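Printed here is data31.txt (compact mmCIF, C-alpha atoms):
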# COMPACT_ATOMS: atom_id res chain seq x y z
CA MET A 710 -17.01 24.35 -19.16
CA ASN A 711 -17.63 23.93 -15.42
CA ASN A 712 -14.75 24.68 -13.06
CA LEU A 713 -12.59 26.22 -15.79
CA ILE A 714 -11.94 29.93 -15.37
CA VAL A 715 -10.31 32.01 -18.09
CA ASN A 716 -8.48 35.26 -17.25
CA ASN A 717 -6.95 37.70 -19.71
CA ILE A 718 -4.56 39.13 -17.15
CA THR A 719 -1.69 37.13 -15.76
CA ARG A 720 1.63 37.90 -14.07
CA SER A 721 4.41 38.04 -16.65
CA ARG A 722 7.74 36.24 -16.55
CA GLU A 723 9.50 39.58 -16.00
CA GLU A 724 7.30 40.31 -12.99
CA TRP A 725 8.14 36.92 -11.50
CA VAL A 726 11.86 37.52 -12.10
CA ASP A 727 11.66 40.88 -10.31
CA MET A 728 9.61 39.54 -7.43
CA LEU A 729 11.97 36.62 -6.85
CA ASP A 730 15.15 38.63 -7.51
CA LEU A 731 16.63 35.93 -9.73
CA PRO A 732 20.31 35.98 -10.82
CA GLU A 733 21.02 36.84 -14.45
CA LYS A 734 21.74 33.31 -15.65
CA LEU A 735 18.53 31.96 -14.18
CA GLU A 736 16.61 34.97 -15.48
CA THR A 737 17.74 34.16 -19.04
CA SER A 738 16.64 30.58 -18.63
CA VAL A 739 13.26 31.60 -17.10
CA ILE A 740 12.52 34.01 -19.95
CA ALA A 741 13.46 31.44 -22.62
CA ALA A 742 11.74 28.33 -21.22
CA ASN A 743 8.76 26.97 -23.15
CA VAL A 744 7.32 25.61 -19.91
CA LEU A 745 7.90 27.55 -16.71
CA ILE A 746 6.76 26.50 -13.23
CA VAL A 747 6.16 29.55 -11.05
CA PRO A 748 5.41 29.77 -7.30
CA SER A 749 1.96 28.53 -6.44
CA MET A 750 0.78 31.80 -4.84
CA ILE A 751 -0.20 30.15 -1.57
CA PRO A 752 -1.43 32.85 0.84
CA ALA A 753 1.33 33.90 3.28
CA GLN A 754 3.87 31.74 1.39
CA PRO A 755 4.47 33.76 -1.81
CA LYS A 756 7.62 31.88 -2.84
CA ALA A 757 6.45 28.36 -1.98
CA PHE A 758 5.41 25.62 -4.37
CA VAL A 759 2.72 23.01 -3.83
CA GLY A 760 3.73 19.56 -2.63
CA GLY A 761 5.06 17.33 -5.40
CA THR A 762 6.48 20.14 -7.55
CA LEU A 763 10.02 18.79 -7.21
CA HIS A 764 8.97 15.51 -8.80
CA LEU A 765 6.73 17.15 -11.39
CA PHE A 766 9.64 19.36 -12.46
CA ALA A 767 11.88 16.30 -12.80
CA PHE A 768 9.17 14.49 -14.74
CA LEU A 769 8.66 17.43 -17.11
CA GLN A 770 12.43 17.67 -17.61
CA SER A 771 12.57 13.97 -18.46
CA GLN A 772 10.01 14.62 -21.21
CA LEU A 773 10.89 18.13 -22.38
CA GLY A 774 14.58 18.46 -21.53
CA GLU A 775 15.80 22.03 -21.23
CA ASP A 776 12.48 23.42 -22.46
CA VAL A 777 11.28 23.48 -18.87
CA GLU A 778 12.46 25.70 -16.01
CA ILE A 779 11.35 26.55 -12.50
CA CYS A 780 11.23 30.12 -11.31
CA ILE A 781 13.18 30.02 -8.03
CA ARG A 782 16.76 29.93 -6.78
CA ASN A 783 17.87 26.48 -5.58
CA GLU A 784 18.36 27.61 -2.00
CA GLU A 785 14.94 29.26 -1.79
CA TYR A 786 12.93 26.30 -3.05
CA GLU A 787 10.31 25.13 -0.57
CA GLU A 788 7.24 22.93 -0.89
CA LEU A 789 4.11 23.24 1.16
CA LYS A 790 2.06 20.08 1.50
CA LEU A 791 -1.49 21.24 2.02
CA ASN A 792 -4.32 19.35 3.62
CA SER A 793 -6.96 17.30 1.79
CA ARG A 794 -6.61 14.83 -1.03
CA ILE A 795 -6.91 17.26 -3.95
CA VAL A 796 -3.92 16.91 -6.26
CA ARG A 797 -2.53 20.41 -6.60
CA LEU A 798 -0.30 20.74 -9.62
CA GLY A 799 0.64 24.39 -9.24
CA ARG A 800 1.07 27.27 -11.70
CA PHE A 801 2.67 27.23 -15.12
CA ILE A 802 3.52 29.64 -17.90
CA VAL A 803 3.52 27.83 -21.22
CA ASN A 804 4.48 28.93 -24.70
CA SER A 805 1.55 28.30 -27.06
CA ILE A 806 3.66 26.12 -29.39
CA THR A 807 4.37 23.69 -26.56
CA LEU A 808 0.82 23.76 -25.13
CA PRO A 809 -0.53 20.52 -26.71
CA LEU A 810 2.58 18.56 -25.76
CA PHE A 811 2.61 20.02 -22.25
CA LEU A 812 -1.07 19.16 -21.67
CA GLY A 813 -0.43 15.58 -22.78
CA ILE A 814 2.56 15.18 -20.44
CA LEU A 815 0.61 16.71 -17.55
CA GLY A 816 -2.17 14.18 -18.20
CA THR A 817 0.32 11.30 -17.91
CA TYR A 818 1.62 12.73 -14.64
CA ILE A 819 -1.91 13.10 -13.21
CA TYR A 820 -2.76 9.51 -14.11
CA ASP A 821 0.33 8.36 -12.24
CA ARG A 822 -0.37 10.50 -9.14
CA ILE A 823 -4.00 9.59 -8.52
CA ARG A 824 -3.60 6.70 -6.19
CA VAL A 825 -7.16 5.46 -5.60
CA PRO A 826 -8.60 3.26 -8.33
CA GLN A 827 -12.16 4.27 -9.16
CA THR A 828 -13.76 0.86 -8.87
CA VAL A 829 -16.98 1.38 -6.92
CA GLU A 830 -20.20 2.87 -8.18
CA GLY A 831 -21.87 4.93 -5.51
CA GLY A 832 -22.70 8.41 -6.73
CA ASP A 833 -24.04 10.79 -4.13
CA ASN A 834 -24.18 8.15 -1.40
CA LEU A 835 -20.41 7.89 -1.20
CA PRO A 836 -18.70 9.89 1.54
CA GLU A 837 -16.64 12.84 0.37
CA TYR A 838 -13.32 11.00 0.81
CA GLN A 839 -14.48 8.39 -1.70
CA GLN A 840 -15.60 10.82 -4.36
CA PRO A 841 -13.40 10.81 -7.47
CA ALA A 842 -10.14 12.67 -6.90
CA ASP A 843 -9.94 16.38 -7.75
CA ILE A 844 -7.04 18.23 -9.28
CA SER A 845 -6.19 21.93 -9.54
CA PHE A 846 -3.81 23.93 -11.69
CA THR A 847 -3.30 27.31 -13.36
CA ILE A 848 -1.79 27.53 -16.83
CA ALA A 849 -0.94 30.88 -18.37
CA VAL A 850 -0.47 30.54 -22.13
CA GLU A 851 1.41 33.13 -24.16
CA ASP A 852 2.78 33.54 -27.66
CA SER A 853 5.35 35.70 -29.42
CA THR A 854 2.75 38.31 -30.43
CA GLY A 855 2.00 39.20 -26.82
CA LYS A 856 -1.29 37.30 -26.64
CA LYS A 857 -1.92 35.90 -23.14
CA LYS A 858 -4.63 33.85 -21.49
CA GLU A 859 -4.70 32.21 -18.10
CA PHE A 860 -6.68 29.01 -17.44
CA GLN A 861 -7.55 28.00 -13.90
CA TYR A 862 -9.07 24.61 -13.18
CA GLU A 863 -10.22 22.90 -10.00
CA GLY A 864 -12.42 19.83 -10.42
CA PRO A 865 -12.50 16.10 -11.08
CA ALA A 866 -9.31 14.56 -12.41
CA SER A 867 -11.48 12.36 -14.61
CA ASP A 868 -12.46 15.48 -16.62
CA TYR A 869 -8.84 16.36 -17.41
CA LYS A 870 -8.87 15.15 -21.00
CA ALA A 871 -11.94 17.26 -21.80
CA ILE A 872 -10.51 20.26 -19.94
CA ALA A 873 -7.20 19.98 -21.82
CA GLY A 874 -9.12 19.97 -25.11
CA GLU A 875 -11.16 22.97 -23.97
CA ILE A 876 -8.02 24.92 -23.02
CA GLU A 877 -6.59 24.36 -26.50
CA ARG A 878 -9.87 25.36 -28.12
CA LEU A 879 -10.21 28.54 -26.02
CA TRP A 880 -6.61 29.52 -26.70
CA ASN A 881 -7.06 29.12 -30.44
CA GLU A 882 -10.38 30.94 -30.75
CA MET B 474 9.68 -16.57 -10.18
CA ASN B 475 6.65 -16.65 -12.46
CA LYS B 476 5.86 -20.32 -11.64
CA LYS B 477 6.18 -19.64 -7.91
CA ALA B 478 3.97 -16.56 -8.22
CA THR B 479 1.27 -18.50 -10.06
CA ASP B 480 1.35 -21.22 -7.41
CA ILE B 481 1.08 -18.70 -4.55
CA ILE B 482 -1.82 -16.84 -6.15
CA LYS B 483 -3.67 -20.13 -6.73
CA HIS B 484 -3.64 -20.87 -2.98
CA LEU B 485 -4.00 -17.31 -1.70
CA LEU B 486 -7.58 -17.76 -0.51
CA ASP B 487 -7.00 -21.13 1.18
CA GLU B 488 -8.09 -21.13 4.79
CA ASP B 489 -4.71 -22.47 5.98
CA PHE B 490 -2.52 -20.28 3.76
CA ASN B 491 0.47 -19.05 5.78
CA TYR B 492 0.84 -15.41 4.73
CA ASP B 493 3.76 -14.44 6.97
CA LYS B 494 5.82 -17.50 6.08
CA THR B 495 5.20 -16.92 2.36
CA ILE B 496 6.18 -13.27 2.64
CA ALA B 497 9.39 -14.19 4.49
CA GLU B 498 10.33 -16.74 1.78
CA LEU B 499 9.57 -14.30 -1.02
CA ASP B 500 11.58 -11.59 0.67
CA GLU B 501 14.63 -13.84 0.73
CA LEU B 502 14.17 -14.34 -3.00
CA ARG B 503 13.72 -10.61 -3.55
CA ILE B 504 16.97 -9.86 -1.70
CA ARG B 505 18.80 -12.53 -3.72
CA TYR B 506 17.54 -11.03 -6.99
CA ARG B 507 18.66 -7.59 -5.81
CA GLN B 508 22.14 -8.93 -5.12
CA GLN B 509 22.19 -10.42 -8.62
CA GLN B 510 21.04 -7.08 -10.07
CA ASP B 511 18.08 -8.92 -11.60
CA GLU B 512 15.60 -6.04 -11.57
CA ASP B 513 12.71 -7.81 -13.32
CA ASN B 514 12.62 -10.70 -10.87
CA ALA B 515 13.27 -8.44 -7.87
CA ASN B 516 10.31 -6.27 -8.90
CA ASN B 517 8.12 -9.31 -9.51
CA ALA B 518 9.00 -10.62 -6.04
CA TRP B 519 8.01 -7.21 -4.61
CA ALA B 520 4.67 -7.42 -6.42
CA ILE B 521 3.87 -10.89 -5.08
CA ILE B 522 4.91 -9.90 -1.55
CA THR B 523 2.57 -6.90 -1.84
CA ILE B 524 -0.33 -9.03 -3.07
CA VAL B 525 0.14 -11.58 -0.28
CA GLY B 526 0.43 -8.76 2.27
CA ILE B 527 -2.79 -7.19 1.04
CA HIS B 528 -4.66 -10.49 1.47
CA ARG B 529 -3.14 -11.05 4.91
CA ASP B 530 -4.15 -7.57 6.03
CA PHE B 531 -7.63 -8.02 4.58
CA ARG B 532 -8.15 -11.11 6.75
CA LYS B 533 -6.89 -9.08 9.72
CA VAL B 534 -9.40 -6.32 8.93
CA TYR B 535 -12.17 -8.91 8.93
CA SER B 536 -11.06 -10.24 12.35
CA MET B 537 -10.79 -6.71 13.74
CA LEU B 538 -14.31 -5.89 12.60
CA LYS B 539 -15.57 -9.12 14.19
CA ASP B 540 -13.86 -7.99 17.41
CA ARG B 541 -15.33 -4.50 17.04
CA GLN B 542 -11.88 -2.89 16.71
CA TYR B 543 -13.34 -0.46 14.23
CA TYR B 544 -10.71 2.29 14.21
CA ASP B 545 -7.82 -0.21 13.99
CA ALA B 546 -9.57 -1.88 11.04
CA TRP B 547 -10.07 1.56 9.45
CA CYS B 548 -6.33 2.32 9.67
CA LEU B 549 -5.35 -1.06 8.25
CA MET B 550 -7.81 -0.57 5.37
CA GLU B 551 -6.01 2.65 4.49
CA GLN B 552 -2.74 0.69 4.33
CA ILE B 553 -4.46 -1.82 2.02
CA GLU B 554 -5.66 1.04 -0.18
CA ILE B 555 -2.14 2.48 -0.40
CA GLY B 556 -0.75 -0.99 -1.11
CA VAL B 557 -3.23 -1.57 -3.92
CA ALA B 558 -2.50 1.84 -5.48
CA ASN B 559 1.26 1.25 -5.40
CA LEU B 560 0.84 -2.25 -6.77
CA LEU B 561 -1.34 -1.17 -9.69
CA ARG B 562 0.82 1.85 -10.46
CA ASN B 563 3.68 -0.56 -11.15
CA PHE B 564 1.88 -3.75 -12.19
CA LYS B 565 -1.40 -2.94 -13.94
CA GLY B 566 -1.85 -6.52 -15.12
CA VAL B 567 -2.39 -7.94 -11.62
CA GLU B 568 -5.55 -5.98 -10.83
CA ASN B 569 -7.67 -9.13 -10.60
CA THR B 570 -5.63 -10.42 -7.65
CA VAL B 571 -6.73 -7.51 -5.45
CA LYS B 572 -9.89 -6.21 -7.10
CA TYR B 573 -12.32 -7.95 -4.75
CA ILE B 574 -10.48 -6.62 -1.70
CA SER B 575 -10.31 -3.16 -3.18
CA VAL B 576 -14.08 -3.09 -3.70
CA ILE B 577 -14.95 -4.54 -0.29
CA VAL B 578 -12.60 -2.11 1.47
CA ARG B 579 -14.26 0.84 -0.20
CA GLN B 580 -17.69 -0.51 0.69
CA LEU B 581 -16.60 -1.01 4.32
CA GLN B 582 -15.17 2.51 4.50
CA SER B 583 -18.44 3.96 3.28
CA LEU B 584 -20.25 2.32 6.24
CA TYR B 585 -18.08 4.09 8.81
CA PRO B 586 -19.50 7.08 10.66
CA TYR B 587 -16.29 9.12 10.17
CA LYS B 588 -16.91 12.39 8.34
CA VAL B 589 -14.25 14.87 9.44
CA PHE B 590 -10.50 14.46 9.69
CA MET B 591 -7.49 16.42 10.88
CA SER B 592 -5.02 17.38 8.23
CA THR B 593 -1.61 19.00 8.50
CA GLU B 594 0.01 21.73 6.43
CA VAL B 595 3.71 21.00 6.33
CA ALA B 596 6.62 22.90 4.75
CA ILE B 597 9.15 20.39 3.48
CA LYS B 598 12.69 21.66 4.00
CA GLU B 599 14.90 18.65 3.34
CA ARG B 600 14.39 15.11 2.07
CA ILE B 601 16.26 12.17 0.65
CA CYS B 602 15.37 9.42 -1.80
CA SER B 603 14.67 6.06 -0.14
CA ILE B 604 16.25 4.19 -3.06
CA CYS B 605 19.65 5.87 -3.49
CA GLY B 606 19.84 7.96 -0.31
CA LYS B 607 20.64 11.10 -2.28
CA GLN B 608 19.28 14.42 -1.12
CA ARG B 609 16.42 15.63 -3.27
CA MET B 610 17.18 19.08 -4.69
CA ILE B 611 15.03 21.01 -7.10
CA ARG B 612 17.64 20.93 -9.88
CA GLN B 613 19.29 17.62 -8.89
CA HIS B 614 16.80 14.79 -9.17
CA CYS B 615 18.12 11.26 -8.90
CA GLY B 616 15.51 9.90 -11.33
CA HIS B 617 13.67 7.78 -8.74
CA PHE B 618 10.01 8.74 -8.32
CA PRO B 619 7.90 8.03 -5.21
CA GLY B 620 5.39 5.24 -5.66
CA HIS B 621 7.53 3.47 -8.27
CA VAL B 622 9.47 0.25 -7.73
CA TYR B 623 13.20 0.04 -8.42
CA MET B 624 15.14 -3.21 -7.98
CA GLY B 625 12.43 -4.66 -5.77
CA GLU B 626 12.08 -1.57 -3.53
CA LEU B 627 9.24 0.93 -3.41
CA CYS B 628 10.53 4.48 -3.71
CA SER B 629 9.45 7.13 -1.23
CA ASP B 630 10.65 10.49 0.04
CA ILE B 631 12.24 10.43 3.48
CA ILE B 632 11.61 13.83 5.01
CA ASN B 633 14.47 14.91 7.26
CA LYS B 634 13.51 18.49 7.96
CA TRP B 635 10.04 19.94 7.99
CA GLU B 636 7.95 22.56 9.70
CA LEU B 637 4.34 22.30 10.77
CA LYS B 638 2.48 25.31 9.39
CA GLY B 639 -1.03 24.48 10.50
CA VAL B 640 -3.71 21.89 11.12
CA SER B 641 -7.07 21.94 9.41
CA ILE B 642 -10.30 20.03 9.65
CA VAL B 643 -11.19 18.51 6.28
CA TYR B 644 -13.75 16.15 4.75
CA ASN B 645 -11.42 14.71 2.16
CA PRO B 646 -8.13 13.92 3.89
CA GLU B 647 -4.77 12.95 2.49
CA HIS B 648 -4.43 10.57 5.46
CA LYS B 649 -7.59 8.75 6.46
CA TYR B 650 -6.17 7.58 9.79
CA ALA B 651 -6.42 11.17 11.07
CA VAL B 652 -10.02 10.75 12.21
CA ALA B 653 -11.33 13.52 14.44
CA PHE B 654 -12.20 12.01 17.83
CA LEU B 655 -13.56 13.75 20.87
CA GLY B 656 -11.05 13.78 23.72
CA ASP B 657 -11.93 12.51 27.16
CA GLY B 658 -9.12 14.39 28.92
CA LYS B 659 -7.37 11.17 29.96
CA GLU B 660 -6.59 8.70 27.23
CA GLY B 661 -7.14 11.35 24.61
CA ARG B 662 -9.71 9.49 22.52
CA LYS B 663 -13.33 8.87 23.21
CA GLY B 664 -15.32 6.24 21.34
CA HIS B 665 -18.24 8.49 20.55
CA TYR B 666 -18.95 7.16 17.07
CA ASN B 667 -21.87 4.89 16.28
CA TYR B 668 -20.75 1.79 14.33
CA MET B 669 -24.28 0.39 14.01
CA LEU B 670 -24.00 -0.26 10.25
CA LEU B 671 -20.75 -2.20 10.57
CA GLY B 672 -22.15 -4.15 13.52
CA GLY B 673 -25.17 -5.07 11.43
CA LEU B 674 -22.99 -6.13 8.52
CA MET B 675 -20.80 -8.36 10.68
CA ASN B 676 -23.86 -10.32 11.82
CA PHE B 677 -24.46 -11.15 8.20
CA TRP B 678 -20.90 -11.43 6.77
CA LYS B 679 -19.60 -14.88 7.67
CA ASP B 680 -16.45 -15.18 5.55
CA PRO B 681 -14.02 -12.47 4.39
CA TYR B 682 -14.18 -13.81 0.84
CA ALA B 683 -17.97 -14.03 0.71
CA ALA B 684 -18.90 -11.08 -1.51
CA TRP B 685 -21.62 -8.62 -0.47
CA HIS B 686 -22.96 -5.26 -1.44
CA TYR B 687 -25.58 -2.92 -0.10
CA THR B 688 -28.30 -0.71 -1.43
CA ILE B 689 -29.74 2.36 0.19
CA LYS B 690 -33.41 3.20 0.28
CA HIS B 691 -34.71 6.59 1.37
CA ILE B 692 -38.13 6.23 3.00
CA HIS B 693 -40.31 8.25 5.38
CA LYS B 694 -41.65 7.04 8.70
CA SER B 695 -44.73 8.27 10.52
CA PRO B 696 -44.11 10.30 13.70
CA ASP B 697 -46.38 7.72 15.40
CA GLU B 698 -43.44 5.28 15.21
CA PHE B 699 -41.49 7.52 17.61
CA PRO B 700 -43.66 7.70 20.73
CA GLY B 701 -42.81 10.52 23.10
CA LEU B 702 -40.97 12.54 20.45
CA MET B 703 -40.98 16.19 21.53
CA ASP B 704 -40.34 19.35 19.49
CA ASP B 705 -37.03 20.05 21.27
CA ASP B 706 -35.73 16.49 20.83
CA LYS B 707 -33.11 15.81 18.19
CA CYS B 708 -34.76 14.77 14.96
CA PRO B 709 -34.73 10.95 14.53
CA CYS B 710 -33.49 11.42 10.94
CA GLY B 711 -30.03 12.13 12.31
CA SER B 712 -29.65 15.66 10.94
CA GLY B 713 -28.63 16.97 14.36
CA LYS B 714 -31.38 19.62 14.23
CA LYS B 715 -34.35 19.91 16.57
CA TYR B 716 -37.33 17.85 15.46
CA SER B 717 -39.47 21.01 15.28
CA GLU B 718 -36.94 22.58 12.88
CA CYS B 719 -36.50 19.49 10.73
CA CYS B 720 -38.78 16.60 9.72
CA LYS B 721 -41.79 17.89 11.68
CA ASN B 722 -42.33 20.22 8.76
CA ASP B 723 -42.11 17.42 6.19
CA PRO B 724 -45.63 16.32 5.19
CA GLU B 725 -44.29 12.90 4.17
CA GLY B 726 -42.99 12.20 7.67
CA ILE B 727 -39.57 11.56 9.18
CA GLN B 728 -36.80 10.78 6.75
CA HIS B 729 -35.28 7.36 7.22
CA VAL B 730 -32.47 5.55 5.43
CA VAL B 731 -32.56 1.77 5.07
CA TYR B 732 -29.37 -0.19 4.24
CA GLU B 733 -30.04 -3.57 2.66
CA PHE B 734 -27.13 -6.00 2.53
CA ARG B 735 -27.14 -8.69 -0.18
CA PRO B 736 -24.69 -11.37 -1.31
CA GLY B 737 -22.52 -10.76 -4.37
CA LEU B 738 -20.77 -7.73 -5.82
CA VAL B 739 -22.31 -5.14 -8.11
CA GLY B 740 -20.59 -3.46 -11.03
CA VAL B 741 -17.41 -5.61 -10.91
Could I get this structure in the form of structure tokens?
Amino acid sequence: MNNLIVNNITRSREEWVDMLDLPEKLETSVIAANVLIVPSMIPAQPKAFVGGTLHLFAFLQSQLGEDVEICIRNEEYEELKLNSRIVRLGRFIVNSITLPLFLGILGTYIYDRIRVPQTVEGGDNLPEYQQPADISFTIAVEDSTGKKKEFQYEGPASDYKAIAGEIERLWNE
Amino acid sequence: MNKKATDIIKHLLDEDFNYDKTIAELDELRIRYRQQQDEDNANNAWAIITIVGIHRDFRKVYSMLKDRQYYDAWCLMEQIEIGVANLLRNFKGVENTVKYISVIVRQLQSLYPYKVFMSTEVAIKERICSICGKQRMIRQHCGHFPGHVYMGELCSDIINKWELKGVSIVYNPEHKYAVAFLGDGKEGRKGHYNYMLLGGLMNFWKDPYAAWHYTIKHIHKSPDEFPGLMDDDKCPCGSGKKYSECCKNDPEGIQHVVYEFRPGLVGV
């Protein structure tokens, strides 16, 4: 599917723990979480998260409870609001059992974030700032057998439902 | 509240409707409902205030365009867009009250010559919630989400500490007001944009609530229609290239775009 990239190599939870020098209690929680938000790997800002992560984390917690964790010490948390209207959701590590539920919750969050109603037909004649909103995210999926796959998407938000279905299909194949 | 809202919406398009007075009255009601901890009515009052405000601002946009205050109208249209998005995020059932404005605003925006915008990269260090005033921390969220309405108030983040990391030029900005203008060294902004399409529209658009739409036709014109056109001149098609490096090589002639304005909306 267009705009969806699949990688077989992804940074592990243990590597993130080492890189961020997390305390033991947080490390335990990071390793155990079914959904983990990790730093967004913004060039020159290796520990930063994309704008909106604080609210996304709270939203995921409201839906998943303690199944979700964020990979950073409280005092080191920082968001970087980047230019342009693309809705950047960040990077996640997700346990395969939680994947369908997580994708559904993320879809609800995206629907809430996209602020411009798509009410005008215009196609190619519309200026770029009126084109349907884009989203981006990276989801690394893993299971207890050691299987790992990383899915990167950047493209129209309106394709999210199809992309979510494709991610599940590619993981299961 | 519901009866009052219905009555207001019925008269919203009246020529003599007093938007500011209505908003002031509704705000008193909203504050009273807040004091009574009546969240439903406080939120409904917020919604009606927002709808009335959107219509008031839309009339202002129309007047600004008539007065050729194009950039000011552009900025106010962005506020309308944000208002509509916040309204529909919280009250999906009221879409019909602002749908016409939403469509016309998007059509107007697409007639502007603005293409590039300045956009900031900002590291957010500290912020508080506009509803409860609590500091937002990554593992201490108050439960109020930006863009949602609580007890008649729209929630937003209030950023107390931030650091500018960079400024970029983008086509698809987060903030549309950040239009890239040429500087003139004095007032800082030079009106170098060509608002010909909007000027043409305003000759034809006689009432803010008279619906219109436009179609675009791509045609070719003969070079004979541009007497004196030299190879080194800028191509009349508007590409910015030299004529000799652009439409001169097109056997069909010089590319030309025709905008045709017609009454009524399409696709709504």
What is the distance between atom CA of A:Asn792 and atom CA of B:Gly639, in Å to one decimal?
->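 Atom-to-atom, atom CA of A:Asn792 to atom CA of B:Gly639, that is 9.2 Å.
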Can you tell me which residues surround A:Arg722 at a distance of at most 12 Å, considering only C-alpha atoms, apart from same-chain residues fewer than 5 positions away, and format the answer as a PDB file with C-alpha atoms, keeping the file's coordinate frame?
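Output file part24.pdb follows:
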ATOM      1  CA  ASP A 727      11.660  40.880 -10.310  1.00  0.00           C
ATOM      2  CA  MET A 728       9.610  39.540  -7.430  1.00  0.00           C
ATOM      3  CA  LEU A 729      11.970  36.620  -6.850  1.00  0.00           C
ATOM      4  CA  ASP A 730      15.150  38.630  -7.510  1.00  0.00           C
ATOM      5  CA  LEU A 731      16.630  35.930  -9.730  1.00  0.00           C
ATOM      6  CA  LEU A 735      18.530  31.960 -14.180  1.00  0.00           C
ATOM      7  CA  GLU A 736      16.610  34.970 -15.480  1.00  0.00           C
ATOM      8  CA  THR A 737      17.740  34.160 -19.040  1.00  0.00           C
ATOM      9  CA  SER A 738      16.640  30.580 -18.630  1.00  0.00           C
ATOM     10  CA  VAL A 739      13.260  31.600 -17.100  1.00  0.00           C
ATOM     11  CA  ILE A 740      12.520  34.010 -19.950  1.00  0.00           C
ATOM     12  CA  ALA A 741      13.460  31.440 -22.620  1.00  0.00           C
ATOM     13  CA  ALA A 742      11.740  28.330 -21.220  1.00  0.00           C
ATOM     14  CA  ASN A 743       8.760  26.970 -23.150  1.00  0.00           C
ATOM     15  CA  VAL A 744       7.320  25.610 -19.910  1.00  0.00           C
ATOM     16  CA  LEU A 745       7.900  27.550 -16.710  1.00  0.00           C
ATOM     17  CA  ILE A 746       6.760  26.500 -13.230  1.00  0.00           C
ATOM     18  CA  VAL A 747       6.160  29.550 -11.050  1.00  0.00           C
ATOM     19  CA  PRO A 748       5.410  29.770  -7.300  1.00  0.00           C
ATOM     20  CA  GLU A 778      12.460  25.700 -16.010  1.00  0.00           C
ATOM     21  CA  ILE A 779      11.350  26.550 -12.500  1.00  0.00           C
ATOM     22  CA  CYS A 780      11.230  30.120 -11.310  1.00  0.00           C
ATOM     23  CA  ILE A 781      13.180  30.020  -8.030  1.00  0.00           C
ATOM     24  CA  PHE A 801       2.670  27.230 -15.120  1.00  0.00           C
ATOM     25  CA  ILE A 802       3.520  29.640 -17.900  1.00  0.00           C
ATOM     26  CA  VAL A 803       3.520  27.830 -21.220  1.00  0.00           C
ATOM     27  CA  ASN A 804       4.480  28.930 -24.700  1.00  0.00           C
ATOM     28  CA  ALA A 849      -0.940  30.880 -18.370  1.00  0.00           C
ATOM     29  CA  VAL A 850      -0.470  30.540 -22.130  1.00  0.00           C
ATOM     30  CA  GLU A 851       1.410  33.130 -24.160  1.00  0.00           C
ATOM     31  CA  LYS A 857      -1.920  35.900 -23.140  1.00  0.00           C
TER      32      LYS A 857
END
Expressed in Å, the length from atom CA of B:Glu594 to atom CA of B:Ser641 is 7.7 Å
Using all atoms listed in the file, determine which residues of chain A fall within 6 Å of chain B; present them as a PyMOL selection string.
-> chain A and resi 763+788-794+824-825+837-838
Have a look at B:Cys720, B:Met669, B:Leu549, B:Gly656 and name the one nearest to B:Met537; count all atoms listed in the file.
-> B:Leu549
Residue nearest B:Gln542 - candidates B:Cys719, B:Leu671, B:Lys607, B:Cys708, atoms counted: all atoms listed in the file | B:Leu671
